[in-house]
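This is model.cif (mmCIF, C-alpha atoms).
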data_query
#
loop_
_atom_site.label_atom_id
_atom_site.label_comp_id
_atom_site.auth_asym_id
_atom_site.auth_seq_id
_atom_site.Cartn_x
_atom_site.Cartn_y
_atom_site.Cartn_z
CA MET A 1 12.13 21.73 -4.20
CA ARG A 2 12.21 19.08 -6.93
CA PRO A 3 13.05 15.53 -5.82
CA GLY A 4 14.51 13.45 -8.59
CA THR A 5 17.72 15.12 -9.70
CA ALA A 6 20.16 12.77 -7.97
CA LYS A 7 22.16 10.27 -10.00
CA SER A 8 21.87 6.54 -9.37
CA LYS A 9 24.06 5.48 -6.45
CA ALA A 10 23.71 1.71 -6.77
CA THR A 11 22.82 -0.92 -9.30
CA VAL A 12 21.11 -4.28 -9.26
CA SER A 13 22.86 -7.37 -10.57
CA THR A 14 20.16 -10.06 -10.47
CA PRO A 15 19.22 -10.88 -14.09
CA LEU A 16 15.59 -10.79 -15.13
CA SER A 17 16.11 -14.19 -16.72
CA ARG A 18 15.86 -15.75 -13.25
CA PHE A 19 12.28 -14.50 -13.07
CA ASP A 20 9.92 -16.54 -15.29
CA ILE A 21 8.02 -13.52 -16.49
CA GLN A 22 6.26 -15.21 -19.41
CA LYS A 23 4.82 -17.87 -17.10
CA ILE A 24 3.67 -15.16 -14.72
CA LYS A 25 2.08 -13.12 -17.52
CA ALA A 26 0.15 -16.20 -18.65
CA ASP A 27 -1.46 -16.41 -15.19
CA PHE A 28 -3.26 -13.07 -15.66
CA PRO A 29 -6.16 -13.33 -18.13
CA ILE A 30 -6.64 -9.57 -18.43
CA LEU A 31 -3.20 -9.17 -19.98
CA ASN A 32 -4.57 -10.86 -23.10
CA GLU A 33 -7.04 -8.01 -23.60
CA LYS A 34 -6.62 -5.39 -26.31
CA VAL A 35 -6.98 -1.68 -25.52
CA ASN A 36 -7.67 0.58 -28.48
CA GLY A 37 -6.38 -2.20 -30.72
CA ASN A 38 -3.10 -2.53 -28.87
CA ARG A 39 -1.64 -5.06 -26.46
CA LEU A 40 -2.51 -4.01 -22.91
CA VAL A 41 0.52 -2.73 -21.03
CA TYR A 42 -0.69 -2.33 -17.45
CA LEU A 43 1.45 0.13 -15.48
CA ASP A 44 -1.05 1.34 -12.88
CA ASN A 45 -0.17 -1.14 -10.16
CA ALA A 46 0.20 1.42 -7.38
CA ALA A 47 -3.54 2.07 -7.80
CA THR A 48 -4.55 -1.60 -7.99
CA SER A 49 -2.99 -4.80 -9.23
CA GLN A 50 -4.42 -7.30 -11.69
CA LYS A 51 -5.61 -10.70 -10.46
CA PRO A 52 -4.16 -14.08 -11.37
CA ARG A 53 -6.44 -16.88 -12.47
CA VAL A 54 -6.07 -18.67 -9.12
CA VAL A 55 -7.59 -15.68 -7.30
CA ILE A 56 -10.45 -15.34 -9.77
CA ASN A 57 -11.14 -19.06 -9.47
CA ALA A 58 -11.03 -18.89 -5.68
CA ILE A 59 -13.89 -16.38 -5.68
CA LEU A 60 -15.94 -18.55 -8.00
CA GLU A 61 -15.21 -21.70 -6.01
CA TYR A 62 -16.27 -20.06 -2.76
CA TYR A 63 -19.67 -19.11 -4.16
CA ARG A 64 -20.09 -22.48 -5.90
CA LYS A 65 -19.18 -24.71 -2.97
CA THR A 66 -18.82 -22.90 0.35
CA ASN A 67 -21.05 -19.80 0.51
CA ALA A 68 -22.38 -19.30 4.03
CA ASN A 69 -22.11 -16.82 6.88
CA ILE A 70 -19.25 -17.47 9.23
CA HIS A 71 -18.49 -18.10 12.91
CA ARG A 72 -22.03 -18.68 14.22
CA GLY A 73 -23.37 -21.43 11.97
CA LEU A 74 -23.22 -25.10 13.01
CA HIS A 75 -23.86 -26.59 9.57
CA LYS A 76 -21.10 -27.82 7.26
CA LEU A 77 -21.10 -24.87 4.84
CA ALA A 78 -20.79 -22.39 7.71
CA GLU A 79 -17.98 -24.38 9.26
CA ASP A 80 -16.14 -24.66 5.92
CA ALA A 81 -16.54 -20.93 5.26
CA THR A 82 -15.30 -20.09 8.74
CA ARG A 83 -12.23 -22.30 8.35
CA ALA A 84 -11.41 -20.71 4.98
CA TYR A 85 -11.87 -17.18 6.33
CA GLU A 86 -9.74 -17.79 9.41
CA ALA A 87 -7.09 -19.58 7.34
CA THR A 88 -6.57 -16.30 5.49
CA ARG A 89 -6.07 -14.52 8.81
CA THR A 90 -3.44 -17.08 9.84
CA HIS A 91 -1.72 -16.78 6.46
CA THR A 92 -1.70 -12.99 6.67
CA ALA A 93 -0.11 -13.14 10.12
CA ALA A 94 2.65 -15.38 8.75
CA PHE A 95 3.12 -13.22 5.65
CA ILE A 96 4.15 -10.14 7.67
CA GLY A 97 6.59 -11.87 9.96
CA GLY A 98 4.78 -14.46 12.02
CA VAL A 99 2.64 -12.37 14.35
CA GLU A 100 -0.31 -13.82 16.26
CA SER A 101 -3.40 -14.35 14.10
CA GLU A 102 -5.46 -12.49 16.73
CA GLU A 103 -3.39 -9.39 15.92
CA ILE A 104 -4.80 -9.31 12.37
CA VAL A 105 -8.04 -7.38 11.82
CA PHE A 106 -9.79 -7.45 8.45
CA THR A 107 -11.25 -4.17 7.20
CA ARG A 108 -12.43 -2.82 3.82
CA GLY A 109 -9.00 -1.42 2.95
CA THR A 110 -5.96 0.52 4.14
CA THR A 111 -8.04 3.67 4.54
CA GLU A 112 -10.50 1.99 6.89
CA SER A 113 -7.65 0.41 8.84
CA ILE A 114 -6.14 3.83 9.52
CA ASN A 115 -9.53 5.30 10.39
CA LEU A 116 -10.14 2.42 12.79
CA VAL A 117 -7.01 3.36 14.72
CA ALA A 118 -7.90 7.06 14.63
CA TYR A 119 -11.45 6.52 15.89
CA THR A 120 -10.49 4.05 18.62
CA TRP A 121 -6.96 4.47 19.92
CA GLY A 122 -6.77 8.07 18.73
CA GLU A 123 -10.02 9.19 20.32
CA GLU A 124 -8.95 7.81 23.68
CA ASN A 125 -5.27 8.77 23.69
CA ILE A 126 -4.84 12.05 21.81
CA HIS A 127 -5.48 15.15 23.93
CA GLU A 128 -5.05 18.90 23.72
CA GLY A 129 -1.42 19.86 23.12
CA ASP A 130 -0.36 16.37 22.03
CA GLU A 131 1.52 16.03 18.76
CA ILE A 132 1.04 13.70 15.81
CA VAL A 133 3.99 13.38 13.43
CA ILE A 134 3.47 12.66 9.74
CA THR A 135 5.72 13.04 6.69
CA GLU A 136 5.35 15.39 3.75
CA MET A 137 4.83 12.44 1.40
CA GLU A 138 1.77 10.86 3.03
CA HIS A 139 -1.23 9.64 1.06
CA HIS A 140 -4.37 11.51 2.12
CA ALA A 141 -5.52 8.33 3.89
CA ASN A 142 -2.62 8.66 6.35
CA PHE A 143 -3.00 12.41 6.79
CA VAL A 144 -6.66 13.43 6.74
CA PRO A 145 -7.77 11.16 9.66
CA TRP A 146 -4.99 12.60 11.84
CA TYR A 147 -5.75 16.16 10.68
CA VAL A 148 -9.42 15.75 11.62
CA LEU A 149 -8.53 14.15 14.95
CA ALA A 150 -6.02 16.90 15.76
CA LYS A 151 -8.57 19.62 14.99
CA LYS A 152 -11.13 17.93 17.21
CA LYS A 153 -8.72 17.33 20.08
CA LYS A 154 -6.75 20.59 19.71
CA ALA A 155 -3.63 18.57 19.08
CA VAL A 156 -0.75 19.57 16.80
CA ILE A 157 0.36 18.04 13.49
CA ARG A 158 4.14 18.04 12.99
CA ARG A 159 5.72 16.92 9.73
CA ILE A 160 9.01 15.39 8.65
CA PRO A 161 10.25 17.23 5.53
CA ILE A 162 11.76 15.64 2.46
CA THR A 163 15.11 16.28 0.81
CA VAL A 164 15.68 17.44 -2.75
CA CYS A 165 16.22 13.79 -3.73
CA GLY A 166 12.91 12.65 -2.23
CA HIS A 167 14.12 11.01 0.98
CA LEU A 168 12.99 11.98 4.45
CA ASP A 169 15.10 14.76 5.94
CA LEU A 170 15.93 13.45 9.42
CA ASN A 171 18.34 16.22 10.42
CA ASP A 172 15.87 17.64 12.94
CA ILE A 173 14.10 14.40 13.78
CA ASP A 174 14.90 14.53 17.51
CA ASN A 175 13.02 17.82 17.76
CA ILE A 176 10.15 16.74 15.50
CA ILE A 177 9.62 13.54 17.51
CA ASN A 178 9.70 14.95 21.03
CA PRO A 179 8.17 14.34 24.48
CA ARG A 180 4.81 15.72 23.25
CA THR A 181 4.62 13.21 20.41
CA LYS A 182 1.93 10.56 20.81
CA LEU A 183 1.93 9.02 17.35
CA VAL A 184 4.18 8.84 14.29
CA ALA A 185 2.26 8.00 11.10
CA VAL A 186 4.52 7.22 8.14
CA THR A 187 4.22 5.58 4.76
CA HIS A 188 6.54 2.62 4.36
CA MET A 189 6.81 3.33 0.62
CA SER A 190 5.60 6.50 -1.10
CA ASN A 191 2.92 6.02 -3.75
CA VAL A 192 4.28 9.07 -5.62
CA LEU A 193 8.05 9.17 -5.12
CA GLY A 194 8.64 5.45 -4.64
CA THR A 195 10.73 6.27 -1.56
CA ILE A 196 11.21 3.45 0.95
CA ASN A 197 11.28 5.11 4.35
CA PRO A 198 13.39 4.03 7.37
CA VAL A 199 10.43 2.78 9.39
CA LYS A 200 12.54 0.81 11.85
CA GLU A 201 14.64 3.88 12.68
CA LEU A 202 11.53 6.01 13.12
CA ALA A 203 9.96 3.32 15.32
CA ALA A 204 12.99 3.47 17.62
CA LYS A 205 12.75 7.27 17.76
CA ALA A 206 9.02 7.11 18.55
CA HIS A 207 9.37 4.47 21.24
CA ALA A 208 12.20 6.39 22.88
CA ARG A 209 9.65 9.18 23.37
CA LYS A 210 6.99 6.68 24.55
CA ALA A 211 5.00 7.32 21.37
CA LEU A 212 3.45 4.80 19.00
CA ILE A 213 4.10 4.35 15.30
CA LEU A 214 1.71 3.41 12.51
CA ALA A 215 3.17 2.42 9.13
CA ASP A 216 1.11 2.60 5.95
CA GLY A 217 2.25 -0.47 4.04
CA ALA A 218 -0.17 -0.23 1.11
CA GLN A 219 2.71 0.23 -1.36
CA ALA A 220 5.32 -1.84 0.48
CA ALA A 221 3.57 -5.10 1.39
CA PRO A 222 2.90 -6.08 -2.25
CA HIS A 223 6.48 -5.49 -3.38
CA MET A 224 8.97 -6.46 -0.69
CA PRO A 225 9.36 -8.71 2.34
CA VAL A 226 7.73 -7.15 5.40
CA ASN A 227 8.42 -8.25 8.97
CA VAL A 228 6.48 -6.07 11.39
CA LYS A 229 8.27 -7.55 14.38
CA ASP A 230 11.63 -6.53 12.95
CA LEU A 231 10.27 -3.09 12.02
CA ASP A 232 8.96 -2.84 15.62
CA VAL A 233 5.82 -0.98 14.57
CA ASP A 234 2.70 -0.76 16.71
CA PHE A 235 0.28 -0.72 13.77
CA TYR A 236 0.79 -1.77 10.15
CA VAL A 237 -1.89 -1.41 7.47
CA PHE A 238 -2.24 -2.58 3.86
CA SER A 239 -4.74 -3.74 1.22
CA SER A 240 -5.43 -6.98 -0.63
CA HIS A 241 -6.24 -5.37 -3.97
CA LYS A 242 -2.74 -3.94 -4.45
CA MET A 243 -1.16 -7.38 -3.98
CA LEU A 244 -3.10 -9.54 -6.48
CA GLY A 245 -6.12 -10.03 -4.21
CA PRO A 246 -9.70 -8.77 -4.47
CA THR A 247 -10.87 -5.26 -3.65
CA GLY A 248 -12.70 -4.60 -0.39
CA VAL A 249 -10.22 -6.35 1.92
CA GLY A 250 -7.85 -4.42 4.15
CA VAL A 251 -5.54 -5.52 6.93
CA LEU A 252 -4.78 -3.89 10.25
CA TYR A 253 -1.98 -5.40 12.28
CA GLY A 254 -1.87 -4.13 15.85
CA ARG A 255 0.05 -5.23 18.89
CA ARG A 256 -2.15 -7.47 21.02
CA GLU A 257 -2.05 -5.25 24.09
CA LEU A 258 -3.09 -2.22 22.04
CA LEU A 259 -5.96 -3.96 20.28
CA GLU A 260 -7.21 -5.35 23.57
CA SER A 261 -7.23 -1.87 25.11
CA MET A 262 -9.00 -0.20 22.17
CA PRO A 263 -12.80 0.15 22.03
CA PRO A 264 -14.75 -1.29 19.08
CA PHE A 265 -15.13 0.63 15.86
CA ASN A 266 -18.30 -0.81 14.34
CA PHE A 267 -21.15 -1.94 16.58
CA GLY A 268 -23.61 -4.74 15.84
CA GLY A 269 -23.54 -8.47 15.38
CA GLU A 270 -20.49 -10.70 15.78
CA MET A 271 -18.42 -8.16 17.74
CA ILE A 272 -20.26 -8.67 21.01
CA GLY A 273 -19.58 -10.95 23.96
CA GLU A 274 -22.93 -10.70 25.70
CA VAL A 275 -25.91 -8.36 25.28
CA SER A 276 -28.72 -7.71 27.75
CA PHE A 277 -31.02 -4.73 28.17
CA ASP A 278 -28.68 -3.20 30.73
CA ARG A 279 -25.22 -4.49 29.78
CA VAL A 280 -23.09 -5.09 26.68
CA THR A 281 -19.67 -6.72 26.52
CA TRP A 282 -17.33 -7.12 23.58
CA ALA A 283 -15.90 -10.16 21.87
CA ASP A 284 -12.20 -10.93 22.10
CA ILE A 285 -9.80 -9.58 19.48
CA PRO A 286 -9.87 -9.52 16.54
CA HIS A 287 -13.62 -10.13 16.34
CA LYS A 288 -14.61 -7.08 18.36
CA PHE A 289 -13.41 -4.97 15.41
CA GLU A 290 -15.26 -6.99 12.75
CA GLY A 291 -18.91 -6.19 13.41
CA GLY A 292 -21.50 -7.44 10.94
CA THR A 293 -21.09 -9.86 8.08
CA PRO A 294 -17.59 -9.37 6.64
CA ASN A 295 -16.45 -9.57 3.02
CA ILE A 296 -16.13 -13.34 3.29
CA ALA A 297 -15.61 -14.37 -0.33
CA ASP A 298 -12.91 -11.80 -1.00
CA VAL A 299 -11.06 -12.58 2.23
CA VAL A 300 -11.08 -16.25 1.28
CA ALA A 301 -9.76 -15.41 -2.21
CA TYR A 302 -7.07 -13.21 -0.69
CA HIS A 303 -5.57 -16.44 0.68
CA ALA A 304 -4.94 -17.52 -2.92
CA ALA A 305 -3.17 -14.22 -3.64
CA LEU A 306 -0.89 -14.66 -0.64
CA SER A 307 -0.10 -18.22 -1.72
CA TYR A 308 0.75 -17.00 -5.22
CA LEU A 309 3.14 -14.37 -3.82
CA ASP A 310 4.67 -16.94 -1.46
CA GLU A 311 5.30 -19.33 -4.36
CA ILE A 312 7.24 -16.68 -6.27
CA GLY A 313 8.92 -15.36 -3.13
CA MET A 314 8.87 -11.77 -1.94
CA ASP A 315 12.68 -11.56 -2.15
CA ASN A 316 12.46 -12.58 -5.82
CA ILE A 317 9.71 -10.05 -6.45
CA ARG A 318 11.78 -7.30 -4.88
CA ARG A 319 14.86 -8.21 -6.94
CA HIS A 320 12.83 -8.28 -10.16
CA GLU A 321 11.28 -4.90 -9.48
CA MET A 322 14.58 -3.31 -8.50
CA GLU A 323 16.17 -4.26 -11.80
CA LEU A 324 13.10 -3.30 -13.80
CA THR A 325 12.84 0.05 -11.97
CA GLU A 326 16.48 0.79 -12.73
CA TYR A 327 15.89 -0.10 -16.38
CA ALA A 328 12.79 2.09 -16.56
CA ILE A 329 14.40 5.12 -14.93
CA GLU A 330 17.41 4.85 -17.24
CA LYS A 331 15.17 4.63 -20.32
CA LEU A 332 12.81 7.46 -19.36
CA SER A 333 15.74 9.69 -18.42
CA ARG A 334 16.85 9.65 -22.07
CA ILE A 335 13.72 11.48 -23.22
CA GLU A 336 14.13 15.23 -23.55
CA GLY A 337 11.64 17.14 -21.39
CA ILE A 338 10.92 14.24 -19.01
CA GLU A 339 11.71 14.79 -15.33
CA ILE A 340 11.51 11.86 -12.92
CA GLN A 341 10.42 12.56 -9.37
CA GLY A 342 11.79 10.80 -6.31
CA PRO A 343 15.00 8.94 -5.44
CA GLN A 344 17.06 7.33 -8.14
CA ASP A 345 19.18 5.20 -5.78
CA ILE A 346 17.42 1.95 -6.62
CA PRO A 347 17.84 -0.02 -3.35
CA ASN A 348 15.99 2.76 -1.49
CA ARG A 349 12.98 3.05 -3.77
CA GLY A 350 10.16 1.01 -5.27
CA GLY A 351 8.65 0.77 -8.72
CA ALA A 352 6.22 3.70 -8.57
CA ILE A 353 7.85 6.08 -11.06
CA SER A 354 6.29 9.55 -11.21
CA PHE A 355 7.37 11.86 -14.00
CA THR A 356 6.45 15.08 -15.72
CA ASP A 357 6.94 16.51 -19.20
CA LYS A 358 7.97 20.16 -19.32
CA ASP A 359 5.59 20.78 -22.24
CA LEU A 360 2.57 18.54 -21.55
CA HIS A 361 0.04 18.11 -18.75
CA PRO A 362 0.07 14.67 -17.08
CA HIS A 363 -3.57 14.14 -18.11
CA ASP A 364 -2.59 14.61 -21.74
CA ILE A 365 0.26 12.14 -21.28
CA SER A 366 -2.09 9.56 -19.80
CA THR A 367 -4.68 10.04 -22.55
CA PHE A 368 -2.08 9.63 -25.30
CA LEU A 369 -0.63 6.52 -23.68
CA ASP A 370 -4.11 5.02 -23.26
CA SER A 371 -4.61 5.39 -27.02
CA ARG A 372 -1.58 3.11 -27.37
CA GLY A 373 -2.89 0.55 -24.86
CA ILE A 374 -0.72 1.71 -21.96
CA ALA A 375 -2.41 2.20 -18.59
CA ILE A 376 -0.75 4.67 -16.22
CA ARG A 377 -2.09 7.09 -13.58
CA ALA A 378 -2.13 10.89 -13.80
CA GLY A 379 -3.05 13.44 -11.15
CA HIS A 380 -2.09 14.31 -7.59
CA HIS A 381 -2.29 10.64 -6.49
CA CYS A 382 -4.13 11.55 -3.28
CA ALA A 383 -1.04 13.43 -2.11
CA GLN A 384 -1.81 17.11 -2.63
CA PRO A 385 0.44 18.34 0.21
CA LEU A 386 3.37 16.51 -1.39
CA MET A 387 2.56 18.03 -4.78
CA ARG A 388 2.83 21.49 -3.24
CA VAL A 389 6.20 20.59 -1.70
CA ILE A 390 7.67 19.41 -5.01
CA GLY A 391 6.09 22.28 -6.93
CA LYS A 392 3.86 20.20 -9.18
CA ILE A 393 0.11 20.31 -9.84
CA ALA A 394 0.16 16.66 -10.89
CA THR A 395 2.44 13.97 -12.24
CA ALA A 396 2.15 10.99 -14.55
CA ARG A 397 2.93 7.72 -12.79
CA ALA A 398 3.97 4.37 -14.22
CA SER A 399 4.07 1.73 -11.50
CA LEU A 400 5.57 -1.74 -11.94
CA TYR A 401 4.71 -5.20 -10.66
CA ILE A 402 5.57 -8.86 -11.09
CA TYR A 403 3.99 -9.26 -14.55
CA ASN A 404 5.81 -6.27 -16.05
CA ASP A 405 9.03 -6.69 -18.01
CA GLU A 406 11.52 -4.85 -20.18
CA ALA A 407 9.18 -5.10 -23.17
CA ASP A 408 6.51 -3.18 -21.23
CA VAL A 409 9.04 -0.48 -20.36
CA ASP A 410 10.19 -0.31 -23.97
CA THR A 411 6.58 0.13 -25.11
CA LEU A 412 6.16 2.98 -22.64
CA TYR A 413 9.43 4.59 -23.76
CA ASN A 414 8.57 4.36 -27.44
CA ALA A 415 5.10 5.79 -26.86
CA LEU A 416 6.49 8.76 -24.94
CA VAL A 417 8.98 9.47 -27.72
CA GLU A 418 6.16 9.21 -30.25
CA MET A 419 3.99 11.48 -28.12
CA ARG A 420 6.51 14.30 -28.14
CA ARG A 421 6.88 13.99 -31.91
CA TYR A 422 3.07 13.95 -32.28
CA PHE A 423 2.82 17.26 -30.43
CA GLY A 424 5.72 18.75 -32.40
CA LEU A 425 8.06 18.90 -29.42
#

Would you mind giving the structure from this file in structure tokens?
Amino acid sequence: MRPGTAKSKATVSTPLSRFDIQKIKADFPILNEKVNGNRLVYLDNAATSQKPRVVINAILEYYRKTNANIHRGLHKLAEDATRAYEATRTHTAAFIGGVESEEIVFTRGTTESINLVAYTWGEENIHEGDEIVITEMEHHANFVPWYVLAKKKKAVIRRIPITVCGHLDLNDIDNIINPRTKLVAVTHMSNVLGTINPVKELAAKAHARKALILADGAQAAPHMPVNVKDLDVDFYVFSSHKMLGPTGVGVLYGRRELLESMPPFNFGGEMIGEVSFDRVTWADIPHKFEGGTPNIADVVAYHAALSYLDEIGMDNIRRHEMELTEYAIEKLSRIEGIEIQGPQDIPNRGGAISFTDKDLHPHDISTFLDSRGIAIRAGHHCAQPLMRVIGKIATARASLYIYNDEADVDTLYNALVEMRRYFGL
């Protein structure tokens, strides 16, 4: 099975000229760096994004003016730090559709957010014979925790297959999601294929069976408008560092009633209500899931990243990336020996473009491109089960974001053409 052979079914009409790409590029200091004597062309955004100056400055300003532990202190610095930290929570709640701020839990990343659900809700609600549904395109972070939990609980993992074009195959979905299903865990956007999955449809299927749904939004939240209330998901998880913010900050959205029913994940300070030698109670949500001193500075700086994305507009970001993705796929498809994985109908995919060369290993592709100043990713992309499904050991992946433009794609195209000549192909 080799997703990626379908022809484009739709085009994008919004011109890139409406997107002030040169102004955006100027906001990212690292893009002025040289790599091996060449202009840096950063195309590894699915792994992590670069940071605008406002985010870098926000970290510095926190440590210069506000640094203190939060929530418990009564002095001015502690109160200022607490307000800044909680303002990010409020902003995050608004960013994903206007949920309650108490429904936002900060973690270290998407992986920890998923593990939190597995070790709390999963431990209490998954039993022998229950079924957990995943897709064949999941990142390891949204597969391994459920695999481990299923082994422990003697539950069953069911999977939704993919079509030859890289979409989910929903022909048998009413049997895959069945009365034994307790949880559907699905990526909103594939980090390998770029596929945007029909999360809202799957949520309706899950809820009809009285099951819950968790959506991994690590690749979707940075690139498109997300409204978790419209999607009707029970849990939604994503990371700051893939959307212009610092590393070490993850988000777990959970419905209030679910979070209130779940036990804590990390025990210690801050997450308690009252402690005596014979009794312990927990704090209210979300604090009962945020034991210990959190990553305060980076959460505060994440607020600046959200503001930056808001100023541009997520609809504008999505339109820009759709056109640039279409341009990139069209250009790369011209190169003999290059095979693009995943859907090519642009409205149903994102800007993570995985490809292979029939004559060269992806690691060799990445190494050659790095010598020309182009940063991509090569490997299995933490999706080994998917690699087996599509019959690949690894792929090369160029992933786009707001500071990429046609010139970056042209540089990639020219380097790939040069690479094949270099190797006598």

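Every protein, DNA or RNA residue with an atom at most 7 Å from Ala378 (chain A), where only C-alpha atoms count and chain neighbours fewer than 6 positions away do not, is listed here: Pro362, His363, Ser366, Ala394, Thr395, Ala396 and Arg397 of chain A.
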
Now that the selection is made, can you save its residues with C-alpha atoms as an mmCIF file, keeping the file's coordinate frame?
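Written out: selection-v8.cif:
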data_model
loop_
_atom_site.group_PDB
_atom_site.id
_atom_site.type_symbol
_atom_site.label_atom_id
_atom_site.label_comp_id
_atom_site.auth_asym_id
_atom_site.auth_seq_id
_atom_site.Cartn_x
_atom_site.Cartn_y
_atom_site.Cartn_z
ATOM 1 C CA PRO A 362 0.070 14.670 -17.080
ATOM 2 C CA HIS A 363 -3.570 14.140 -18.110
ATOM 3 C CA SER A 366 -2.090 9.560 -19.800
ATOM 4 C CA ALA A 394 0.160 16.660 -10.890
ATOM 5 C CA THR A 395 2.440 13.970 -12.240
ATOM 6 C CA ALA A 396 2.150 10.990 -14.550
ATOM 7 C CA ARG A 397 2.930 7.720 -12.790
#

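The result of the PyMOL selection byres ((chain A and resi 317) around 10) on the shown file is Phe19, Pro222, His223, Met224, Pro225, Leu309, Asp310, Ile312, Gly313, Met314, Asp315, Asn316, Arg318, Arg319, His320, Glu321, Met322, Tyr401, Ile402 and Tyr403 of chain A.
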
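Residue nearest Asn414 (chain A), chosen from A:Val117, A:Ile335, A:Leu386, A:Ile393 and counting only C-alpha atoms: A:Ile335.
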
For this session: Please provide the set of residues having any atom within 8 Å of Gly292 (chain A), restricted to all atoms listed in the file, with same-chain residues fewer than 5 positions apart removed, written as an MDAnalysis selection string.
Result: chainID A and resid 267:271

I'd like a table as a Markdown table: residues in region 273-367 of chain A with an atom no more than 7 Å from region 56-63 of chain A, each row giving the shortest atom pair and its distance in Å to one decimal, all atoms listed in the file counted, sorted by chain and rising residue number.
| residue | atom | partner | partner_atom | distance |
| --- | --- | --- | --- | --- |
| A:Ala297 | CA | A:Ile59 | CA | 6.0 |
| A:Asp298 | CA | A:Ile59 | CA | 6.6 |
| A:Ala301 | CA | A:Ala58 | CA | 5.1 |
| A:Ala304 | CA | A:Ala58 | CA | 6.8 |

Based on the selection just made, write C-alpha atoms of those residues as an mmCIF file, keeping the file's coordinate frame.
data_model
loop_
_atom_site.group_PDB
_atom_site.id
_atom_site.type_symbol
_atom_site.label_atom_id
_atom_site.label_comp_id
_atom_site.auth_asym_id
_atom_site.auth_seq_id
_atom_site.Cartn_x
_atom_site.Cartn_y
_atom_site.Cartn_z
ATOM 1 C CA ALA A 297 -15.610 -14.370 -0.330
ATOM 2 C CA ASP A 298 -12.910 -11.800 -1.000
ATOM 3 C CA ALA A 301 -9.760 -15.410 -2.210
ATOM 4 C CA ALA A 304 -4.940 -17.520 -2.920
#

Exercise. Which polymer residues have any atom within 8 Å of an atom of Ala283 (chain A), counting only C-alpha atoms, with same-chain residues fewer than 2 positions away left out, as a PyMOL selection string?
Worked result: chain A and resi 270-273+281+285+287-288

Exercise. What does the PyMOL selection byres ((chain A and resi 135) around 9) select in this file, as a ChimeraX atom specification?
Worked result: /A:133-134,136-138,143,158-162,168,184-187

Generate a file of the selected residues that holds C-alpha atoms, formatted as a JSON list (two decimals), in the coordinates of the input.
[["chain", "number", "residue", "atom", "x", "y", "z"],
["A", 133, "VAL", "CA", 3.99, 13.38, 13.43],
["A", 134, "ILE", "CA", 3.47, 12.66, 9.74],
["A", 136, "GLU", "CA", 5.35, 15.39, 3.75],
["A", 137, "MET", "CA", 4.83, 12.44, 1.40],
["A", 138, "GLU", "CA", 1.77, 10.86, 3.03],
["A", 143, "PHE", "CA", -3.00, 12.41, 6.79],
["A", 158, "ARG", "CA", 4.14, 18.04, 12.99],
["A", 159, "ARG", "CA", 5.72, 16.92, 9.73],
["A", 160, "ILE", "CA", 9.01, 15.39, 8.65],
["A", 161, "PRO", "CA", 10.25, 17.23, 5.53],
["A", 162, "ILE", "CA", 11.76, 15.64, 2.46],
["A", 168, "LEU", "CA", 12.99, 11.98, 4.45],
["A", 184, "VAL", "CA", 4.18, 8.84, 14.29],
["A", 185, "ALA", "CA", 2.26, 8.00, 11.10],
["A", 186, "VAL", "CA", 4.52, 7.22, 8.14],
["A", 187, "THR", "CA", 4.22, 5.58, 4.76]]

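Restricting the calculation to all atoms listed in the file, the smallest distance between Ile126 (chain A) and any of A:Ile173, A:Leu193, A:Ala211, A:Ser49 is found for A:Ala211.
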
Please produce, as JSON lines, a per-residue contact table for region 286-337 of chain A versus region 105-112 of chain A (criterion: any atom at most 12 Å away, all atoms listed in the file considered), showing the nearest atom pair and its distance in Å to one decimal, sorted by chain then residue number.
{"residue": "A:Pro286", "atom": "CA", "partner": "A:Val105", "partner_atom": "CA", "distance": 5.5}
{"residue": "A:His287", "atom": "CA", "partner": "A:Val105", "partner_atom": "CA", "distance": 7.7}
{"residue": "A:Lys288", "atom": "CA", "partner": "A:Val105", "partner_atom": "CA", "distance": 9.3}
{"residue": "A:Phe289", "atom": "CA", "partner": "A:Val105", "partner_atom": "CA", "distance": 6.9}
{"residue": "A:Glu290", "atom": "CA", "partner": "A:Phe106", "partner_atom": "CA", "distance": 7.0}
{"residue": "A:Gly291", "atom": "CA", "partner": "A:Thr107", "partner_atom": "CA", "distance": 10.1}
{"residue": "A:Gly292", "atom": "CA", "partner": "A:Thr107", "partner_atom": "CA", "distance": 11.4}
{"residue": "A:Thr293", "atom": "CA", "partner": "A:Thr107", "partner_atom": "CA", "distance": 11.4}
{"residue": "A:Pro294", "atom": "CA", "partner": "A:Thr107", "partner_atom": "CA", "distance": 8.2}
{"residue": "A:Asn295", "atom": "CA", "partner": "A:Arg108", "partner_atom": "CA", "distance": 7.9}
{"residue": "A:Ile296", "atom": "CA", "partner": "A:Phe106", "partner_atom": "CA", "distance": 10.1}
{"residue": "A:Asp298", "atom": "CA", "partner": "A:Arg108", "partner_atom": "CA", "distance": 10.2}
{"residue": "A:Val299", "atom": "CA", "partner": "A:Phe106", "partner_atom": "CA", "distance": 8.2}
{"residue": "A:Val300", "atom": "CA", "partner": "A:Phe106", "partner_atom": "CA", "distance": 11.4}
{"residue": "A:Tyr302", "atom": "CA", "partner": "A:Phe106", "partner_atom": "CA", "distance": 11.1}
